[in-house]
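Here the structure comes first, spelled out in structure tokens, and everything after it is commentary.
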Amino acid sequence: MGVLLYELGELYSANRRGVPCALPEPMSFRGYAQREAVEQRGPQFAVAEEYWVKQFSDCVPVLELPSDRPRPARRTYAGSHRACSLKPELAAALRRFSAERNCTTFTTLLALFEVLLHRLSGQDDIVIGAPAAGQVMGGARYLVGHCANLLPLRSRFDARQTFSDYLTGIRQTVLDAFEHQQYPFSSLIRKLNLPRDPNRMPLANVTFNVGRSRGNLNFHGLAVEVARNPKGFVNFDLNFNVMETEAGVWLNCYYSTELFDDTTVARLLGQYQFLIEKAVSDGEQGLGELPLLSEAERRQLLVERNETAAEPPSNACIHELFEAQVARTPQATALICEAERLTCATV
């Protein structure tokens with residue numbers, strides 16, 4: 001879409017000026033596919049296959065995030081979208097933090113996203129899919145077509161690690177993964193012989209990506225902005241897409257409405273932003289110590305909602321309180337024995 005918008009602007013501007021438009025010559029999609037087919041017969045392809053198969057030689061972890069509803073037996077792909085932006089000072093601090101540790105903002109944001117899912121799921125071994133753009137990696141910048149390959153990045157967590165130490169390991173994981181990015185995701189699925197599940201994507205059911213805009217669009221004499229159509233469907237449980245623009249950093253979350261409510265995703269985005277803020281302010285905190293909630297949110301959720309103490313009647317005995325409850329809810333289940341259930345009334 002970036003290529004199409006860029007070329008549309010160049011054509012429009014040249015037309016307004018009454019001059020020829022010399023657009024860069026793109027590679028044909030057929031040529032790209034033929035080149036890919038040749039590369040998949042080369043020695044580097046076998047090296048990439050060995051790398052990815054080794055990543056999952058012991059087991060294939062399945063990410064299970066807490067959801068608002070049970071996972072359906074078969075997906076309908078119904079989805080929605082929510083977005084927010086980082087405060088300018090937080091975006092600047094994120095870039096400084098990444099530069100100081102010789103990391104890209106992609107690596108830092110990915111590591112923080114992995115920590116967030118680790119904390120929410122309670123799992124110490126997770127897989128997240130990261131798309132690799134074939135156009136960029138293959139030098140075909142002006143090619144229009146879906147050339148992305150999904151890289152299943154596996155991460156293991158140790159609560160004793162600091163975030164800075166974890167980030168160092170993830171940086172190497174990302175470098176290795178992109179070095180072997182030519183091996184197709186579909187080929188890996190077949191090679192691992194993973195069973196097909198109609199209610200989730202295989203291997204990676206959550207994805208993460210960081211993109212950068214090409215800058216301001218050039219439409220001679222016009223002020224232009226892009227309004228995107230919101231998606232009504234998703235392939236993954238969660239698809240996080242961070243967009244870096246000249247105006248700031250935007251967080252976009254596409255999510256399955258079969259699993260998550262909008263309020264849940266809004267809270268998820270808030271937790272992610274808070275995690276970014278705390279990590280870049282002190283990267284030496286342990287992974288289990290990084291807070292997901294502000295003090296106000298923590299008090300509301302963990303203290304105020306649990307202040308449910310009530311004074312019992314001072315003149316009632318225990319058996320009298322029990323009898324009063326039975327009288328109020330005679331149809332409540334009192335006893336269960338295998339398939340048989342007895343209510344308070346029948347007991």
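Following the order of the structure tokens, first chain is A, next is B, and so on, with residues numbered from 1 inside each chain and ligands from 1 in the order they appear.
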Per DSSP on the backbone, what are the strand (DSSP E or B) residues of region 27-179 of chain A, as a list of chain:residue names?
-> A:Ala78, A:Gly79, A:Ser80, A:His81, A:Arg82, A:Ala83, A:Cys84, A:Ser85, A:Asp125, A:Ile126, A:Val127, A:Ile128, A:Gly129, A:Ala130, A:Pro131, A:Ala132, A:Ala133, A:Ala148, A:Asn149, A:Leu150, A:Leu151, A:Pro152, A:Leu153, A:Arg154, A:Ser155, A:Arg156, A:Thr162
Per residue of region 3-113 of chain A within 12 Å of region 238-262 of chain A, record the nearest atom pair and its distance in Å to one decimal, counting only C-alpha atoms, with rows in chain order and ascending residue number, as a tab-separated table.
```
residue	atom	partner	partner_atom	distance
A:Leu63	CA	A:Leu238	CA	11.2
A:Glu64	CA	A:Leu259	CA	11.3
A:Leu65	CA	A:Leu259	CA	9.6
A:Pro66	CA	A:Leu259	CA	9.0
A:Ser67	CA	A:Leu259	CA	5.5
A:Asp68	CA	A:Phe260	CA	5.3
A:Arg69	CA	A:Leu259	CA	5.2
A:Pro70	CA	A:Leu259	CA	6.7
A:Arg71	CA	A:Leu259	CA	6.3
A:Pro72	CA	A:Glu258	CA	7.4
A:Ala73	CA	A:Glu258	CA	10.9
A:Arg74	CA	A:Glu258	CA	10.3
A:Arg75	CA	A:Glu258	CA	7.9
A:Thr76	CA	A:Glu258	CA	8.0
A:Tyr77	CA	A:Ser256	CA	6.8
A:Ala78	CA	A:Thr257	CA	5.8
A:Gly79	CA	A:Ser256	CA	4.4
A:Ser80	CA	A:Tyr255	CA	5.7
A:His81	CA	A:Tyr254	CA	4.4
A:Arg82	CA	A:Cys253	CA	5.4
A:Ala83	CA	A:Asn252	CA	4.4
A:Cys84	CA	A:Leu251	CA	5.3
A:Ser85	CA	A:Trp250	CA	4.3
A:Leu86	CA	A:Val249	CA	5.6
A:Lys87	CA	A:Gly248	CA	7.9
A:Pro88	CA	A:Gly248	CA	6.3
A:Glu89	CA	A:Gly248	CA	9.7
A:Leu90	CA	A:Val249	CA	9.4
A:Ala91	CA	A:Val249	CA	6.4
A:Ala92	CA	A:Gly248	CA	9.0
A:Ala93	CA	A:Val249	CA	11.8
A:Leu94	CA	A:Val249	CA	10.2
A:Arg95	CA	A:Val249	CA	10.6
A:Thr105	CA	A:Glu244	CA	9.5
A:Phe106	CA	A:Val242	CA	8.6
A:Thr107	CA	A:Val242	CA	11.8
A:Thr108	CA	A:Val242	CA	11.8
A:Leu109	CA	A:Val242	CA	8.6
A:Leu110	CA	A:Phe240	CA	9.8
A:Phe113	CA	A:Phe240	CA	8.9
```
Can you spit out the residues from that selection as a compact mmCIF listing (two decimals), in the first residue's frame, using N, CA and C atoms?
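That gives us again_11.txt:
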```txt
# COMPACT_ATOMS: atom_id res chain seq x y z
N LEU A 63 0.78 -20.88 22.99
CA LEU A 63 0.47 -19.74 23.83
C LEU A 63 -1.02 -19.73 24.17
N GLU A 64 -1.32 -19.69 25.47
CA GLU A 64 -2.71 -19.66 25.94
C GLU A 64 -2.91 -18.40 26.77
N LEU A 65 -3.42 -17.35 26.15
CA LEU A 65 -3.70 -16.11 26.86
C LEU A 65 -5.06 -16.16 27.55
N PRO A 66 -5.19 -15.53 28.71
CA PRO A 66 -6.52 -15.45 29.33
C PRO A 66 -7.46 -14.64 28.44
N SER A 67 -8.64 -15.18 28.19
CA SER A 67 -9.58 -14.53 27.26
C SER A 67 -10.92 -14.32 27.97
N ASP A 68 -11.76 -13.52 27.34
CA ASP A 68 -13.08 -13.24 27.90
C ASP A 68 -14.07 -14.36 27.64
N ARG A 69 -13.79 -15.18 26.64
CA ARG A 69 -14.67 -16.30 26.30
C ARG A 69 -13.83 -17.52 25.94
N PRO A 70 -14.39 -18.71 26.11
CA PRO A 70 -13.65 -19.91 25.69
C PRO A 70 -13.41 -19.90 24.18
N ARG A 71 -12.34 -20.52 23.77
CA ARG A 71 -12.02 -20.61 22.35
C ARG A 71 -13.07 -21.46 21.65
N PRO A 72 -13.66 -20.96 20.54
CA PRO A 72 -14.69 -21.74 19.84
C PRO A 72 -14.09 -22.96 19.16
N ALA A 73 -14.94 -23.94 18.88
CA ALA A 73 -14.46 -25.16 18.21
C ALA A 73 -13.95 -24.86 16.81
N ARG A 74 -14.54 -23.87 16.16
CA ARG A 74 -14.10 -23.49 14.81
C ARG A 74 -14.18 -21.97 14.69
N ARG A 75 -13.11 -21.37 14.18
CA ARG A 75 -13.05 -19.92 14.06
C ARG A 75 -13.97 -19.39 12.96
N THR A 76 -14.49 -18.19 13.19
CA THR A 76 -15.20 -17.47 12.14
C THR A 76 -14.37 -16.29 11.63
N TYR A 77 -13.22 -16.03 12.26
CA TYR A 77 -12.29 -14.95 11.90
C TYR A 77 -12.86 -13.57 12.20
N ALA A 78 -13.93 -13.48 13.00
CA ALA A 78 -14.49 -12.17 13.36
C ALA A 78 -13.47 -11.39 14.18
N GLY A 79 -13.28 -10.12 13.85
CA GLY A 79 -12.28 -9.34 14.56
C GLY A 79 -12.59 -7.87 14.58
N SER A 80 -11.77 -7.13 15.31
CA SER A 80 -11.92 -5.68 15.39
C SER A 80 -10.54 -5.08 15.63
N HIS A 81 -10.51 -3.77 15.88
CA HIS A 81 -9.24 -3.04 15.93
C HIS A 81 -9.33 -1.94 16.97
N ARG A 82 -8.22 -1.73 17.66
CA ARG A 82 -8.10 -0.60 18.60
C ARG A 82 -6.70 -0.03 18.47
N ALA A 83 -6.58 1.29 18.58
CA ALA A 83 -5.28 1.95 18.41
C ALA A 83 -5.11 3.05 19.45
N CYS A 84 -3.85 3.35 19.74
CA CYS A 84 -3.51 4.48 20.61
C CYS A 84 -2.09 4.91 20.26
N SER A 85 -1.64 6.01 20.80
CA SER A 85 -0.30 6.51 20.50
C SER A 85 0.50 6.66 21.77
N LEU A 86 1.83 6.52 21.64
CA LEU A 86 2.72 6.76 22.76
C LEU A 86 2.90 8.27 22.94
N LYS A 87 3.05 8.69 24.18
CA LYS A 87 3.36 10.09 24.42
C LYS A 87 4.71 10.41 23.77
N PRO A 88 4.87 11.61 23.21
CA PRO A 88 6.13 11.95 22.52
C PRO A 88 7.36 11.75 23.39
N GLU A 89 7.26 12.09 24.68
CA GLU A 89 8.43 11.93 25.54
C GLU A 89 8.75 10.46 25.78
N LEU A 90 7.73 9.60 25.80
CA LEU A 90 7.97 8.17 25.97
C LEU A 90 8.57 7.58 24.70
N ALA A 91 8.10 8.01 23.53
CA ALA A 91 8.66 7.54 22.26
C ALA A 91 10.14 7.94 22.16
N ALA A 92 10.46 9.15 22.58
CA ALA A 92 11.86 9.60 22.55
C ALA A 92 12.71 8.79 23.52
N ALA A 93 12.18 8.52 24.72
CA ALA A 93 12.92 7.72 25.70
C ALA A 93 13.14 6.30 25.20
N LEU A 94 12.16 5.75 24.50
CA LEU A 94 12.27 4.40 23.92
C LEU A 94 13.40 4.36 22.90
N ARG A 95 13.49 5.36 22.05
CA ARG A 95 14.54 5.38 21.03
C ARG A 95 15.92 5.52 21.67
N THR A 105 14.45 -0.20 17.64
CA THR A 105 13.21 -0.05 18.41
C THR A 105 12.33 -1.29 18.22
N PHE A 106 12.43 -1.94 17.06
CA PHE A 106 11.68 -3.17 16.83
C PHE A 106 12.05 -4.22 17.88
N THR A 107 13.34 -4.42 18.11
CA THR A 107 13.78 -5.44 19.05
C THR A 107 13.33 -5.11 20.46
N THR A 108 13.46 -3.85 20.87
CA THR A 108 13.05 -3.46 22.22
C THR A 108 11.55 -3.63 22.41
N LEU A 109 10.76 -3.18 21.43
CA LEU A 109 9.31 -3.30 21.54
C LEU A 109 8.87 -4.75 21.50
N LEU A 110 9.53 -5.57 20.68
CA LEU A 110 9.22 -6.99 20.63
C LEU A 110 9.50 -7.64 21.98
N PHE A 113 6.88 -6.73 24.41
CA PHE A 113 5.62 -7.41 24.10
C PHE A 113 5.68 -8.87 24.56
```
Between A:Asn218, A:Gln40, A:Asn205, A:Thr329, which has the minimum distance to Tyr183 (chain A) (counting only C-alpha atoms)?
->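 The shortest atom-to-atom distance to Tyr183 (chain A) comes from A:Gln40.
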With distances taken over only C-alpha atoms, which of A:Val144, A:Ala309, A:Cys337, A:Leu167 is nearest to Leu112 (chain A)?
->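 Residue with the minimum atom-to-atom distance to Leu112 (chain A): A:Leu167.
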Name all residues at most 12 Å from Tyr166 (chain A) (count only C-alpha atoms; drop same-chain ones fewer than 3 positions away) and give them as a PyMOL selection string.
-> chain A and resi 101+107-108+110-112+114-115+155-163+169-173+279+283-288
Kindly give the distance, in Å, that separates CA of Val224 (chain A) and CA of Leu5 (chain A), rounded to a single decimal.
-> 10.6 Å
Taking the backbone alone, and naming residues the way the document does, which bits of region 15-237 of chain A are helix (DSSP H, G or I) by DSSP, as a PyMOL selection string?
-> chain A and resi 15-17+29-39+43-55+88-100+105-121+134-137+163-179+185-192
A:Ser57, A:Asn235, A:Asn229, A:Ser187 ranked by distance to Met201 (chain A), top pick (using only C-alpha atoms) = A:Asn235
